[in-house]
Each structure stands twice: as C-alpha cells, then as structure tokens.
$ cat my_file_20.txt   # compact mmCIF, C-alpha atoms
# COMPACT_ATOMS: atom_id res chain seq x y z
CA MET A 381 90.75 87.16 48.20
CA PRO A 382 92.63 89.71 50.34
CA SER A 383 94.52 88.53 53.39
CA THR A 384 93.55 90.05 56.73
CA GLU A 385 96.90 89.33 58.40
CA PRO A 386 99.33 92.27 58.75
CA ALA A 387 102.28 92.09 56.39
CA ASP A 388 105.02 91.91 59.05
CA GLU A 389 103.44 89.58 61.58
CA PRO A 390 102.82 85.83 61.47
CA PRO A 391 99.30 84.61 62.14
CA ARG A 392 98.40 84.42 65.82
CA ALA A 393 96.69 81.44 67.41
CA GLY A 394 95.31 83.49 70.31
CA LEU A 395 96.05 86.33 72.66
CA MET A 396 99.61 86.40 73.90
CA ARG A 397 99.90 86.57 77.65
CA SER A 398 102.63 88.78 79.02
CA GLU A 399 105.13 87.17 81.33
CA ARG A 400 104.65 87.39 85.08
CA PRO A 401 106.76 89.77 87.15
CA SER A 402 109.95 88.21 88.47
CA ARG A 403 110.33 87.00 92.04
CA GLY A 404 112.55 89.98 92.80
CA VAL A 405 109.84 92.41 91.70
CA ARG A 406 107.18 90.60 93.71
CA ALA A 407 109.47 90.42 96.76
CA GLY A 408 110.25 94.13 96.44
CA TYR A 409 106.59 95.06 96.45
CA LEU A 410 105.96 92.71 99.38
CA VAL A 411 108.72 94.40 101.38
CA ALA A 412 107.39 97.85 100.42
CA GLY A 413 103.90 96.79 101.52
CA LEU A 414 105.24 95.43 104.82
CA VAL A 415 107.13 98.66 105.51
CA MET A 416 104.14 100.87 104.67
CA ALA A 417 101.75 98.69 106.70
CA GLY A 418 104.20 98.54 109.60
CA MET A 419 104.56 102.30 109.68
CA TRP A 420 100.79 102.72 109.54
CA PHE A 421 100.20 100.18 112.30
CA ARG A 422 102.97 101.61 114.48
CA GLY A 423 101.46 105.07 114.24
CA ALA A 424 97.97 103.84 115.15
CA GLY A 425 97.85 105.98 118.32
CA LEU A 426 98.81 109.14 116.47
CA PRO A 427 96.46 111.37 114.49
CA VAL A 428 95.80 110.00 111.01
CA TRP A 429 97.40 112.95 109.23
CA GLU A 430 100.64 112.46 111.19
CA HIS A 431 101.30 108.85 110.25
CA ALA A 432 100.04 109.52 106.73
CA LEU A 433 102.69 112.25 106.52
CA ARG A 434 105.35 109.81 107.74
CA VAL A 435 104.40 107.25 105.11
CA LEU A 436 104.35 109.95 102.41
CA VAL A 437 107.84 111.11 103.37
CA LEU A 438 109.03 107.52 103.14
CA ILE A 439 107.55 106.94 99.71
CA LEU A 440 108.67 110.30 98.35
CA VAL A 441 112.29 109.96 99.54
CA VAL A 442 113.15 106.27 99.19
CA PRO A 443 112.22 105.58 95.51
CA PRO A 444 114.40 108.39 94.09
CA LEU A 445 117.30 107.24 96.31
CA ILE A 446 116.92 103.66 95.10
CA HIS A 447 116.77 104.95 91.51
CA LEU A 448 120.01 106.91 91.95
CA VAL A 449 121.82 104.00 93.60
CA ARG A 450 120.69 101.64 90.83
CA ARG A 451 121.83 104.02 88.06
CA ARG A 452 125.19 104.60 89.74
CA ARG A 453 125.73 100.84 90.14
CA GLU A 454 124.85 100.23 86.49
CA ARG A 455 127.30 102.91 85.35
CA ARG A 456 130.06 101.57 87.60
CA THR A 457 129.63 97.95 86.49
CA GLY A 458 129.10 98.85 82.84
CA ARG A 459 125.78 97.05 82.61
CA ALA A 460 123.05 98.30 80.35
CA PRO A 461 120.44 100.39 82.16
CA SER A 462 117.61 98.26 83.47
CA ARG A 463 114.06 99.01 82.48
CA GLN A 464 112.10 100.51 85.31
CA VAL A 465 108.63 101.74 86.03
CA PRO A 466 108.43 105.52 85.48
CA LEU A 467 109.15 107.08 88.86
CA ARG A 468 106.46 109.78 88.62
CA ARG A 469 103.71 107.24 88.03
CA LEU A 470 104.89 105.07 90.90
CA VAL A 471 105.00 108.00 93.32
CA ALA A 472 101.58 109.25 92.13
CA LEU A 473 100.11 105.80 92.70
CA LYS A 474 101.59 105.62 96.21
CA VAL A 475 100.30 109.09 97.12
CA THR A 476 96.85 108.02 95.92
CA LEU A 477 97.15 104.84 97.97
CA VAL A 478 97.98 106.81 101.13
CA ALA A 479 95.04 109.14 100.47
CA ALA A 480 92.78 106.09 100.16
CA ALA A 481 94.24 104.71 103.41
CA VAL A 482 93.45 107.99 105.19
CA CYS A 483 89.86 107.82 103.92
CA CYS A 484 89.52 104.17 104.94
CA ASP A 485 91.00 104.87 108.36
CA TRP A 486 88.56 107.72 108.87
CA LEU A 487 85.56 105.68 107.70
CA LEU A 488 86.54 102.66 109.78
CA GLY A 489 87.10 104.98 112.75
CA LEU A 490 83.41 105.86 112.67
CA ARG A 491 82.55 102.23 113.52
CA LEU A 492 85.65 100.79 115.19
CA PRO A 493 87.64 102.02 118.17
CA GLU A 494 91.04 101.23 116.55
CA PRO A 495 90.96 101.09 112.72
CA GLY A 496 94.75 101.27 112.21
CA ALA A 497 95.31 97.51 112.04
CA ILE A 498 92.67 96.97 109.37
CA THR A 499 93.99 99.89 107.33
CA ALA A 500 97.55 98.53 107.64
CA VAL A 501 96.45 95.11 106.35
CA GLY A 502 94.65 96.83 103.47
CA LEU A 503 97.82 98.75 102.59
CA LEU A 504 99.87 95.56 102.71
CA LEU A 505 97.47 93.71 100.43
CA ALA A 506 97.13 96.61 98.00
CA VAL A 507 100.89 97.06 97.60
CA ALA A 508 101.88 93.37 97.68
CA LEU A 509 99.19 92.20 95.26
CA GLY A 510 98.55 95.29 93.14
CA GLY A 511 102.16 96.46 92.89
CA PRO A 512 103.48 93.68 90.66
CA ALA A 513 100.46 93.99 88.36
CA PHE A 514 101.02 97.76 88.11
CA HIS A 515 104.73 97.17 87.51
CA GLN A 516 104.12 94.70 84.70
CA ARG A 517 101.50 96.90 83.09
CA GLN A 518 103.79 99.93 83.10
CA LEU A 519 106.70 97.98 81.66
CA SER A 520 104.61 96.44 78.89
CA ALA A 521 103.12 99.85 78.06
CA ALA A 522 106.63 101.26 77.72
CA ARG A 523 107.90 98.27 75.73
CA PRO A 524 107.73 98.94 72.00
CA GLY A 525 105.68 96.48 70.04
CA LEU A 526 103.29 95.35 72.78
CA ARG A 527 100.90 98.25 73.24
CA GLY A 528 99.91 101.28 71.29
CA ARG A 529 101.27 99.86 68.07
CA ARG A 530 99.49 100.63 64.89
CA PRO A 531 98.80 97.62 62.72
CA SER A 532 100.88 97.33 59.60
CA PRO A 533 99.22 97.79 56.25
CA VAL A 534 97.21 94.84 55.01
CA ARG A 535 98.82 92.96 52.16
CA LYS A 536 96.52 92.25 49.26
CA GLU A 537 97.04 89.09 47.30
CA MET A 538 96.23 89.11 43.63

$ encode --input "my_file_20.txt" --output "structure tokens"
Amino acid sequence: MPSTEPADEPPRAGLMRSERPSRGVRAGYLVAGLVMAGMWFRGAGLPVWEHALRVLVLILVVPPLIHLVRRRRERRTGRAPSRQVPLRRLVALKVTLVAAAVCCDWLLGLRLPEPGAITAVGLLLAVALGGPAFHQRQLSAARPGLRGRRPSPVRKEM
C-alpha cells in the first residue's frame, strides 16, 4: 500500500499555527496607528484632501528612512540583516488605507457634522490590529518552507 506522506516530512498531527508577532512589532504598529490617527484628528478642521496629503507624506517618507537607519545599524554592528516586510507592499497598503479613510470621512460627513474623530479611531484600529496580522502574513509568505512550497514526491512502499 503506497504511503501518502511526503518523503522529506514527518507526519503532521494537525495544522501548524504560525507564531504571533513579537511585542515590538505590535507596539510599532500601535505607535504608527496613533501617529496616523493623531494627524487625522488634528487636521479635522482642514479639507479632507489636505490632511490626507499630510498623512501620505508621513507614510511615504518615514518607512524608507527607518529602513535605511536599520540597515546602516546592522552593517555597523555586524549583525545579520533582519527580515522585514517588503517596503513596497507596506507603502501600498498604507496608501490604500488613507484612500479608505478619505472615503469614510466623506461618507460620514454626509451624516455627521465632524467625522474626523470617527475616521481617526478607524485608522487607529485598522493599523494597530491589522498591521501585525499583515506583517506576520508577509513574513511567512517570504519565509521558505511555509507557503508556496510544492509537496515532495510521494514515496511508494513495496
């Protein structure tokens, strides 16, 4: 009777759950969410496009600077490069998030006199709760052996 287990892998008892993001990652996304929400709330009296532009400038300038500082520090200390979420995907997600915030602000503005606070809370929750999940998903997708791996040939027993 042929075995259905791949040749290189031991039998699995169930689905393996990936580890949770570290506290540092979660804290980083919380701080990013607080900054984005604070900027949105602070610009509540301005036109929506103006504070959306301010938030976009922040998210398009700060991540590459952090990336450069981190790489320089790793080279200087001799540590191995840390694994990071691809910068393009992170920036694309943040731009999409700001576009969604503009739409929400506009839609809430049809019913409420001051929708900025609700939009700011939505930004905070989206970044603080969705950011670590996005981060973990991107790292596990880039990690060899966890996703996108073709199964090894099936070993036949005779």

$ closest_residue --input "my_file_20.txt" --among "A:Ala506, A:Leu488, A:Ala472, A:Ala521" --to "A:Pro443" --atoms "only C-alpha atoms"
A:Ala472

$ closest_residue --input "my_file_20.txt" --among "A:Leu426, A:Val471, A:Leu505, A:Ala480" --to "A:Leu438" --atoms "all atoms listed in the file"
A:Val471

$ residues_around --input "my_file_20.txt" --residues "stretch 512-517 of chain A" --least-positions-apart "4" --cutoff "8 Å" --atoms "all atoms listed in the file" --output "NGL selection string"
:A and (400-401 or 405-406 or 409 or 465 or 508 or 521)

$ residues_around --input "my_file_20.txt" --residues "A:Ile439" --least-positions-apart "2" --cutoff "10 Å" --atoms "only C-alpha atoms" --output "list in words"
Ala412, Met416, Leu433, Arg434, Val435, Leu436, Val437, Val441, Val442, Pro443, Pro444, Leu470, Val471, Ala472, Lys474, Val475 and Val478 of chain A

$ atom_distance --input "my_file_20.txt" --atom1 "atom CA of A:Gly489" --atom2 "atom CA of A:Thr476"
19.7 Å

$ closest_residue --input "my_file_20.txt" --among "A:Leu448, A:Leu477, A:Cys484, A:Val428" --to "A:Ile498" --atoms "only C-alpha atoms"
A:Cys484

$ closest_residue --input "my_file_20.txt" --among "A:Arg450, A:Arg422, A:Ser402, A:Leu440" --to "A:Arg469" --atoms "only C-alpha atoms"
A:Leu440

$ closest_residue --input "my_file_20.txt" --among "A:Val501, A:Leu414, A:Ser520, A:Asp485" --to "A:Ala432" --atoms "all atoms listed in the file"
A:Asp485

$ closest_residue --input "my_file_20.txt" --among "A:Leu473, A:Glu430, A:Trp486, A:Ala481" --to "A:Thr499" --atoms "all atoms listed in the file"
A:Ala481

$ atom_distance --input "my_file_20.txt" --atom1 "atom CA of A:Leu504" --atom2 "atom CA of A:Leu410"
7.5 Å

$ atom_distance --input "my_file_20.txt" --atom1 "atom CA of A:Phe421" --atom2 "atom CA of A:Leu509"
18.8 Å

$ residues_around --input "my_file_20.txt" --residues "A:Ala424" --least-positions-apart "6" --cutoff "8 Å" --atoms "all atoms listed in the file" --output "VMD selection string"
chain A and resid 431 494 to 497

$ write_last_selection --input "my_file_20.txt" --atoms "C-alpha atoms" --output "CSV table (one decimal), in the frame of the given file"
chain,number,residue,atom,x,y,z
A,431,HIS,CA,101.3,108.8,110.2
A,494,GLU,CA,91.0,101.2,116.6
A,495,PRO,CA,91.0,101.1,112.7
A,496,GLY,CA,94.8,101.3,112.2
A,497,ALA,CA,95.3,97.5,112.0

$ decode --input "my_file_20.txt" --residues "stretch 427-442 of chain A" --atoms "all heavy atoms" --output "tab-separated table (two decimals), in the first residue's frame"
chain	number	residue	atom	x	y	z
A	427	PRO	N	-9.56	70.79	4.98
A	427	PRO	CA	-10.19	69.96	3.95
A	427	PRO	C	-9.61	68.53	4.00
A	427	PRO	O	-8.45	68.34	4.37
A	427	PRO	CB	-9.80	70.64	2.64
A	427	PRO	CG	-9.40	72.02	3.00
A	427	PRO	CD	-8.91	71.98	4.42
A	428	VAL	N	-10.42	67.58	3.64
A	428	VAL	CA	-10.02	66.17	3.74
A	428	VAL	C	-8.76	65.90	2.92
A	428	VAL	O	-7.86	65.21	3.37
A	428	VAL	CB	-11.18	65.25	3.28
A	428	VAL	CG1	-10.74	63.81	3.25
A	428	VAL	CG2	-12.37	65.42	4.17
A	429	TRP	N	-8.67	66.44	1.72
A	429	TRP	CA	-7.52	66.16	0.87
A	429	TRP	C	-6.24	66.69	1.50
A	429	TRP	O	-5.17	66.10	1.32
A	429	TRP	CB	-7.70	66.76	-0.53
A	429	TRP	CG	-7.71	68.26	-0.56
A	429	TRP	CD1	-8.79	69.08	-0.46
A	429	TRP	CD2	-6.57	69.11	-0.66
A	429	TRP	NE1	-8.41	70.38	-0.49
A	429	TRP	CE2	-7.03	70.45	-0.61
A	429	TRP	CE3	-5.20	68.89	-0.77
A	429	TRP	CZ2	-6.18	71.53	-0.69
A	429	TRP	CZ3	-4.35	69.99	-0.85
A	429	TRP	CH2	-4.85	71.28	-0.81
A	430	GLU	N	-6.33	67.77	2.29
A	430	GLU	CA	-5.12	68.35	2.87
A	430	GLU	C	-4.55	67.47	3.97
A	430	GLU	O	-3.35	67.21	4.01
A	430	GLU	CB	-5.42	69.74	3.42
A	430	GLU	CG	-4.17	70.54	3.73
A	430	GLU	CD	-4.50	71.98	4.06
A	430	GLU	OE1	-5.45	72.55	3.50
A	430	GLU	OE2	-3.76	72.53	4.90
A	431	HIS	N	-5.39	67.01	4.91
A	431	HIS	CA	-4.78	66.14	5.93
A	431	HIS	C	-4.52	64.74	5.40
A	431	HIS	O	-3.65	64.06	5.92
A	431	HIS	CB	-5.53	66.18	7.28
A	431	HIS	CG	-6.94	65.78	7.28
A	431	HIS	ND1	-7.96	66.68	7.13
A	431	HIS	CD2	-7.52	64.59	7.45
A	431	HIS	CE1	-9.11	66.05	7.21
A	431	HIS	NE2	-8.87	64.79	7.41
A	432	ALA	N	-5.19	64.32	4.36
A	432	ALA	CA	-4.83	63.05	3.71
A	432	ALA	C	-3.45	63.17	3.07
A	432	ALA	O	-2.63	62.25	3.17
A	432	ALA	CB	-5.87	62.67	2.66
A	433	LEU	N	-3.17	64.32	2.48
A	433	LEU	CA	-1.85	64.55	1.89
A	433	LEU	C	-0.76	64.56	2.96
A	433	LEU	O	0.32	64.00	2.76
A	433	LEU	CB	-1.85	65.87	1.11
A	433	LEU	CG	-0.60	66.20	0.33
A	433	LEU	CD1	-0.36	65.15	-0.75
A	433	LEU	CD2	-0.70	67.58	-0.28
A	434	ARG	N	-1.05	65.15	4.11
A	434	ARG	CA	-0.07	65.15	5.21
A	434	ARG	C	0.22	63.74	5.69
A	434	ARG	O	1.39	63.38	5.91
A	434	ARG	CB	-0.59	65.98	6.38
A	434	ARG	CG	-0.57	67.45	6.12
A	434	ARG	CD	-1.09	68.21	7.31
A	434	ARG	NE	-1.12	69.64	7.01
A	434	ARG	CZ	-1.45	70.54	7.88
A	434	ARG	NH1	-1.81	70.21	9.11
A	434	ARG	NH2	-1.45	71.81	7.54
A	435	VAL	N	-0.80	62.94	5.85
A	435	VAL	CA	-0.60	61.55	6.29
A	435	VAL	C	0.16	60.77	5.23
A	435	VAL	O	1.06	59.99	5.54
A	435	VAL	CB	-1.95	60.89	6.64
A	435	VAL	CG1	-1.78	59.41	6.91
A	435	VAL	CG2	-2.58	61.56	7.85
A	436	LEU	N	-0.16	60.99	3.96
A	436	LEU	CA	0.56	60.29	2.89
A	436	LEU	C	2.04	60.67	2.86
A	436	LEU	O	2.89	59.80	2.67
A	436	LEU	CB	-0.08	60.61	1.53
A	436	LEU	CG	-1.32	59.83	1.18
A	436	LEU	CD1	-1.94	60.35	-0.12
A	436	LEU	CD2	-1.01	58.36	1.06
A	437	VAL	N	2.35	61.94	3.06
A	437	VAL	CA	3.75	62.34	3.10
A	437	VAL	C	4.46	61.64	4.25
A	437	VAL	O	5.57	61.13	4.09
A	437	VAL	CB	3.88	63.89	3.22
A	437	VAL	CG1	5.29	64.30	3.59
A	437	VAL	CG2	3.46	64.54	1.91
A	438	LEU	N	3.80	61.56	5.40
A	438	LEU	CA	4.38	60.88	6.54
A	438	LEU	C	4.67	59.42	6.22
A	438	LEU	O	5.78	58.93	6.46
A	438	LEU	CB	3.46	60.97	7.75
A	438	LEU	CG	3.89	60.16	8.96
A	438	LEU	CD1	4.99	60.89	9.71
A	438	LEU	CD2	2.72	59.88	9.86
A	439	ILE	N	3.70	58.72	5.65
A	439	ILE	CA	3.90	57.29	5.43
A	439	ILE	C	4.78	56.99	4.22
A	439	ILE	O	5.28	55.87	4.09
A	439	ILE	CB	2.56	56.53	5.32
A	439	ILE	CG1	1.79	56.98	4.10
A	439	ILE	CG2	1.76	56.66	6.56
A	439	ILE	CD1	0.53	56.18	3.85
A	440	LEU	N	4.98	57.96	3.35
A	440	LEU	CA	5.88	57.73	2.22
A	440	LEU	C	7.32	58.13	2.52
A	440	LEU	O	8.23	57.69	1.83
A	440	LEU	CB	5.37	58.47	0.98
A	440	LEU	CG	4.06	57.95	0.41
A	440	LEU	CD1	3.60	58.83	-0.75
A	440	LEU	CD2	4.18	56.51	-0.04
A	441	VAL	N	7.54	58.93	3.56
A	441	VAL	CA	8.89	59.38	3.90
A	441	VAL	C	9.47	58.57	5.06
A	441	VAL	O	10.63	58.16	5.01
A	441	VAL	CB	8.89	60.89	4.23
A	441	VAL	CG1	10.21	61.33	4.80
A	441	VAL	CG2	8.55	61.70	2.99
A	442	VAL	N	8.70	58.33	6.08
A	442	VAL	CA	9.23	57.70	7.29
A	442	VAL	C	9.66	56.24	7.09
A	442	VAL	O	10.76	55.88	7.51
A	442	VAL	CB	8.22	57.85	8.46
A	442	VAL	CG1	8.66	57.05	9.66
A	442	VAL	CG2	8.07	59.32	8.83
